[in-house]
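Source file: query.txt; contents: compact mmCIF, C-alpha atoms.
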```
# COMPACT_ATOMS: atom_id res chain seq x y z
CA MET A 48 -18.85 6.20 -9.43
CA SER A 49 -21.47 4.70 -11.69
CA ASP A 50 -21.54 1.07 -12.80
CA GLU A 51 -21.34 2.22 -16.44
CA VAL A 52 -18.03 3.98 -15.80
CA ILE A 53 -16.60 0.93 -14.02
CA LYS A 54 -17.73 -1.43 -16.81
CA GLU A 55 -15.71 0.64 -19.27
CA TYR A 56 -12.54 -0.41 -17.45
CA GLY A 57 -11.13 -3.92 -17.23
CA ALA A 58 -8.68 -3.14 -14.46
CA ILE A 59 -8.24 -0.79 -11.52
CA LEU A 60 -5.11 0.67 -9.96
CA VAL A 61 -5.08 2.32 -6.55
CA ASP A 62 -2.20 4.59 -5.58
CA THR A 63 -0.40 4.44 -2.25
CA SER A 64 -2.03 7.77 -1.33
CA ILE A 65 -5.39 5.97 -1.11
CA PHE A 66 -3.93 3.38 1.27
CA ASP A 67 -2.48 6.17 3.42
CA GLY A 68 -5.75 8.10 3.29
CA ASN A 69 -7.52 5.03 4.67
CA GLY A 70 -5.06 4.69 7.54
CA LEU A 71 -3.46 1.56 6.04
CA ARG A 72 -6.34 -0.47 7.49
CA LEU A 73 -6.19 -3.25 4.92
CA GLU A 74 -8.78 -5.45 6.55
CA LYS A 75 -11.67 -3.03 7.06
CA GLY A 76 -13.25 0.20 5.89
CA GLY A 77 -12.64 1.36 2.34
CA LEU A 78 -9.63 -0.90 1.82
CA GLY A 79 -11.47 -3.92 3.21
CA LYS A 80 -14.05 -3.43 0.47
CA PHE A 81 -11.38 -4.24 -2.12
CA SER A 82 -12.25 -7.89 -1.45
CA GLN A 83 -15.10 -7.31 -3.93
CA PHE A 84 -12.52 -7.78 -6.69
CA LYS A 85 -12.30 -11.44 -5.75
CA ARG A 86 -15.81 -11.83 -7.22
CA SER A 87 -15.41 -9.30 -10.02
CA PRO A 88 -14.24 -9.57 -13.62
CA THR A 89 -12.31 -6.31 -13.02
CA VAL A 90 -8.60 -6.97 -12.46
CA TYR A 91 -7.23 -5.28 -9.35
CA LEU A 92 -3.60 -4.27 -10.04
CA PHE A 93 -1.13 -4.11 -7.16
CA PRO A 94 2.26 -3.43 -8.79
CA ASP A 95 5.39 -4.27 -6.81
CA VAL A 96 6.23 -0.56 -6.40
CA ILE A 97 2.91 0.23 -4.73
CA LYS A 98 3.06 -2.99 -2.72
CA SER A 99 6.55 -2.02 -1.45
CA GLU A 100 5.45 1.52 -0.62
CA VAL A 101 2.42 0.21 1.28
CA LYS A 102 4.63 -2.27 3.14
CA ASN A 103 7.10 0.48 4.06
CA HIS A 104 4.32 2.79 5.29
CA LEU A 105 2.68 -0.08 7.17
CA GLU A 106 5.96 -1.04 8.88
CA ASN A 107 6.37 2.59 10.00
CA LYS A 108 2.79 2.66 11.31
CA ILE A 109 3.36 -0.61 13.19
CA LYS A 110 6.57 0.77 14.77
CA LEU A 111 4.77 3.94 15.87
CA SER A 112 1.83 1.95 17.25
CA ARG A 113 4.16 -0.42 19.07
CA ALA A 114 6.08 2.50 20.62
CA ALA A 115 2.82 4.19 21.69
CA LEU A 116 1.59 0.92 23.21
CA GLU A 117 4.86 0.41 25.05
CA LYS A 118 4.74 3.97 26.40
CA ALA A 119 1.15 3.55 27.58
CA LEU A 120 1.98 0.25 29.24
CA ASN A 121 5.06 1.75 30.90
CA ASP A 122 2.98 4.70 32.13
CA ALA A 123 0.54 2.23 33.70
CA GLY A 124 3.39 0.10 35.02
CA ASP A 125 3.38 1.05 38.70
CA HIS A 126 -0.26 0.21 39.22
CA LEU A 127 -0.98 -2.58 36.76
CA PHE A 128 2.23 -4.34 35.84
CA PHE A 129 3.88 -5.01 39.15
CA GLU A 130 6.58 -7.68 39.38
CA GLY A 131 5.17 -11.20 39.13
CA SER A 132 1.71 -10.22 37.91
CA GLU A 133 0.03 -11.96 34.97
CA LEU A 134 -0.45 -8.53 33.44
CA ASN A 135 3.32 -8.02 33.44
CA ASP A 136 3.67 -11.23 31.41
CA SER A 137 1.01 -9.96 29.00
CA LYS A 138 2.91 -6.70 28.62
CA GLN A 139 6.04 -8.59 27.59
CA THR A 140 4.04 -10.70 25.14
CA LEU A 141 2.57 -7.61 23.49
CA ILE A 142 5.79 -5.62 23.26
CA ASP A 143 8.29 -8.37 22.50
CA SER A 144 6.08 -10.50 20.24
CA LYS A 145 7.89 -12.05 17.29
CA GLU A 146 4.61 -11.71 15.34
CA MET A 147 5.14 -7.96 15.09
CA ASP A 148 8.30 -8.46 13.04
CA GLY A 149 6.47 -10.03 10.09
CA LEU A 150 3.14 -8.33 10.66
CA ALA A 151 3.32 -5.99 7.65
CA ASP A 152 4.20 -8.87 5.31
CA SER A 153 1.43 -11.13 6.59
CA ARG A 154 -1.18 -8.35 6.44
CA ILE A 155 -0.21 -7.53 2.86
CA ASP A 156 -0.23 -11.21 1.90
CA ASN A 157 -3.73 -11.55 3.39
CA PHE A 158 -4.82 -8.43 1.49
CA VAL A 159 -3.49 -9.81 -1.80
CA ASN A 160 -5.29 -13.12 -1.17
CA ALA A 161 -8.55 -11.41 -0.15
CA THR A 162 -8.56 -9.18 -3.24
CA VAL A 163 -6.98 -11.63 -5.69
CA ALA A 164 -4.75 -8.71 -6.64
CA LEU A 165 -2.50 -9.06 -9.64
CA VAL A 166 0.98 -8.31 -8.31
CA PHE A 167 3.52 -7.73 -11.04
CA ASN A 168 7.07 -6.46 -11.39
CA CYS A 169 7.06 -2.94 -12.87
CA GLY A 170 10.57 -3.50 -14.19
CA ASP A 171 9.15 -5.97 -16.69
CA TYR A 172 7.08 -3.19 -18.27
CA VAL A 173 9.11 0.04 -17.91
CA SER A 174 11.46 1.60 -20.40
CA VAL A 175 14.19 3.53 -18.60
CA PRO A 176 14.73 5.90 -21.56
CA GLU A 177 11.00 6.71 -21.55
CA LEU A 178 11.10 7.27 -17.79
CA LEU A 179 14.07 9.62 -18.04
CA ALA A 180 12.53 11.48 -20.98
CA GLY A 181 9.47 12.20 -18.85
CA TYR A 182 11.67 13.31 -15.97
CA PHE A 183 13.73 15.75 -18.01
CA SER A 184 10.69 17.04 -19.92
CA CYS A 185 8.74 17.58 -16.66
CA ILE A 186 5.86 15.45 -17.93
CA PRO A 187 3.45 14.50 -15.10
CA PRO A 188 3.86 13.05 -12.59
CA PHE A 189 7.13 14.99 -12.67
CA ALA A 190 6.80 18.64 -11.73
CA GLU A 191 8.90 21.52 -12.99
CA SER A 192 10.01 22.34 -9.46
CA GLY A 193 10.08 20.66 -6.08
CA LYS A 194 11.02 17.11 -5.22
CA LYS A 195 11.02 15.36 -8.60
CA LYS A 196 12.78 12.36 -7.09
CA SER A 197 9.73 11.44 -5.03
CA GLU A 198 7.70 11.08 -8.22
CA PHE A 199 9.81 8.25 -9.64
CA PRO A 200 7.68 5.52 -8.02
CA ASP A 201 4.51 7.05 -9.50
CA ALA A 202 6.10 7.40 -12.93
CA ILE A 203 7.38 3.82 -12.87
CA VAL A 204 3.95 2.49 -11.90
CA LEU A 205 2.15 4.59 -14.52
CA LEU A 206 4.49 3.55 -17.31
CA ALA A 207 4.35 -0.11 -16.28
CA VAL A 208 0.56 -0.11 -16.04
CA GLU A 209 0.27 1.63 -19.40
CA THR A 210 2.36 -1.12 -21.03
CA TRP A 211 0.50 -3.86 -19.13
CA SER A 212 -2.80 -2.30 -20.24
CA GLU A 213 -1.75 -2.28 -23.90
CA GLN A 214 -0.49 -5.87 -23.73
CA ASN A 215 -3.71 -7.07 -22.10
CA ASN A 216 -6.03 -4.85 -24.15
CA LEU A 217 -7.70 -3.53 -21.00
CA LYS A 218 -8.44 0.02 -19.90
CA VAL A 219 -7.19 0.81 -16.40
CA LEU A 220 -8.90 3.17 -13.98
CA ALA A 221 -6.22 4.74 -11.77
CA ILE A 222 -7.29 6.23 -8.45
CA ALA A 223 -5.04 8.56 -6.44
CA LYS A 224 -5.12 11.57 -4.16
CA ASP A 225 -1.94 13.00 -5.65
CA GLU A 226 -2.59 16.18 -7.59
CA ASP A 227 0.01 15.39 -10.26
```
Please re-express this file's structure in structure tokens.
Amino acid sequence: MSDEVIKEYGAILVDTSIFDGNGLRLEKGGLGKFSQFKRSPTVYLFPDVIKSEVKNHLENKIKLSRAALEKALNDAGDHLFFEGSELNDSKQTLIDSKEMDGLADSRIDNFVNATVALVFNCGDYVSVPELLAGYFSCIPPFAESGKKKSEFPDAIVLLAVETWSEQNNLKVLAIAKDED
């Protein structure tokens, strides 16, 4: 994307699909580069709906990773983690760590701080009648068939960002992998 295109926009919005596509690795890779917004005049928007979706997906990823780690450690148990070994204590620390319980929250908080993201409540900007009108009229992101319900978060975010954009007189570049 050229610098001229980016300069045309005062804010950027990144859909949950982009977070998922980058493996929810908030601290490195493509998502880690979002820290550039800390030094940029471009406002990085992280609406509560997207933040909650990312947190939910991250918590699921952490649970799966924890289960895979526990399985691998149990598989290695007879030869590495015999009773009384220091490695056995390490295994318990890794699996039963209290840090894992709040890990998604702390990673998201660190991401928000690193990017200076503007987190806002979509409910402050969304008109329910407008949302329902789009739903019943099949206006994108709502499709004519399929799981319309799953598009409510996208519709809420888009309507909220549109209102926020108008109130702040800024164009918003929205980035997503979703086709609708």
Check: What gap, in Å, lies between atom CA of A:Ile109 and atom CA of A:Gly77?
Finding: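 Going from atom CA of A:Ile109 over to atom CA of A:Gly77 covers 19.4 Å.
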Margin query: Calculated over all atoms listed in the file, which of the candidates A:Asp201, A:Lys75, A:Ala58, A:Lys118 has the smallest distance to A:Glu213?
Written below: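 Once distances to A:Glu213 are computed over all atoms listed in the file, the minimum belongs to A:Ala58.
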Notebook entry, point to check: Separation of atom CA of A:Asp62 and atom CA of A:Ala114, in Å?
Noted result: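 Between these atoms lies a distance of 27.6 Å.
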Notebook entry, point to check: If you measure from atom CA of A:Gly181 to atom CA of A:Asp225, what distance in Å do you get, rounded to one decimal?
Noted result: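 Taking atom CA of A:Gly181 as the start and atom CA of A:Asp225 as the end point, the length is 17.5 Å.
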Note to self: For A:Lys102, find every residue with an atom within 12 Å (counting only C-alpha atoms), except residues of its own chain fewer than 2 positions away, and show them as a VMD selection string.
What the structure shows: chain A and resid 63 66 to 67 71 to 73 93 95 to 100 104 to 109 149 to 156 158
Next item on the list: List the neighbours of A:Pro188 out to 8 Å using all atoms listed in the file; skip same-chain residues closer than 3 positions along the sequence, and give me the result as a PyMOL selection string.
Entry: chain A and resi 185+198+201-202+227
Serialized selection, C-alpha atoms, as a PDB file, in the frame of the given file:
```
ATOM      1  CA  CYS A 185       8.740  17.580 -16.660  1.00  0.00           C
ATOM      2  CA  GLU A 198       7.700  11.080  -8.220  1.00  0.00           C
ATOM      3  CA  ASP A 201       4.510   7.050  -9.500  1.00  0.00           C
ATOM      4  CA  ALA A 202       6.100   7.400 -12.930  1.00  0.00           C
ATOM      5  CA  ASP A 227       0.010  15.390 -10.260  1.00  0.00           C
TER       6      ASP A 227
END
```
Next item on the list: May I ask which of the residues A:Leu92, A:Val61, A:Leu78, A:Arg86 is the closest one to A:Leu217, counting only C-alpha atoms?
Entry: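 Answer, going by the shortest atom-to-atom distance: A:Leu92.
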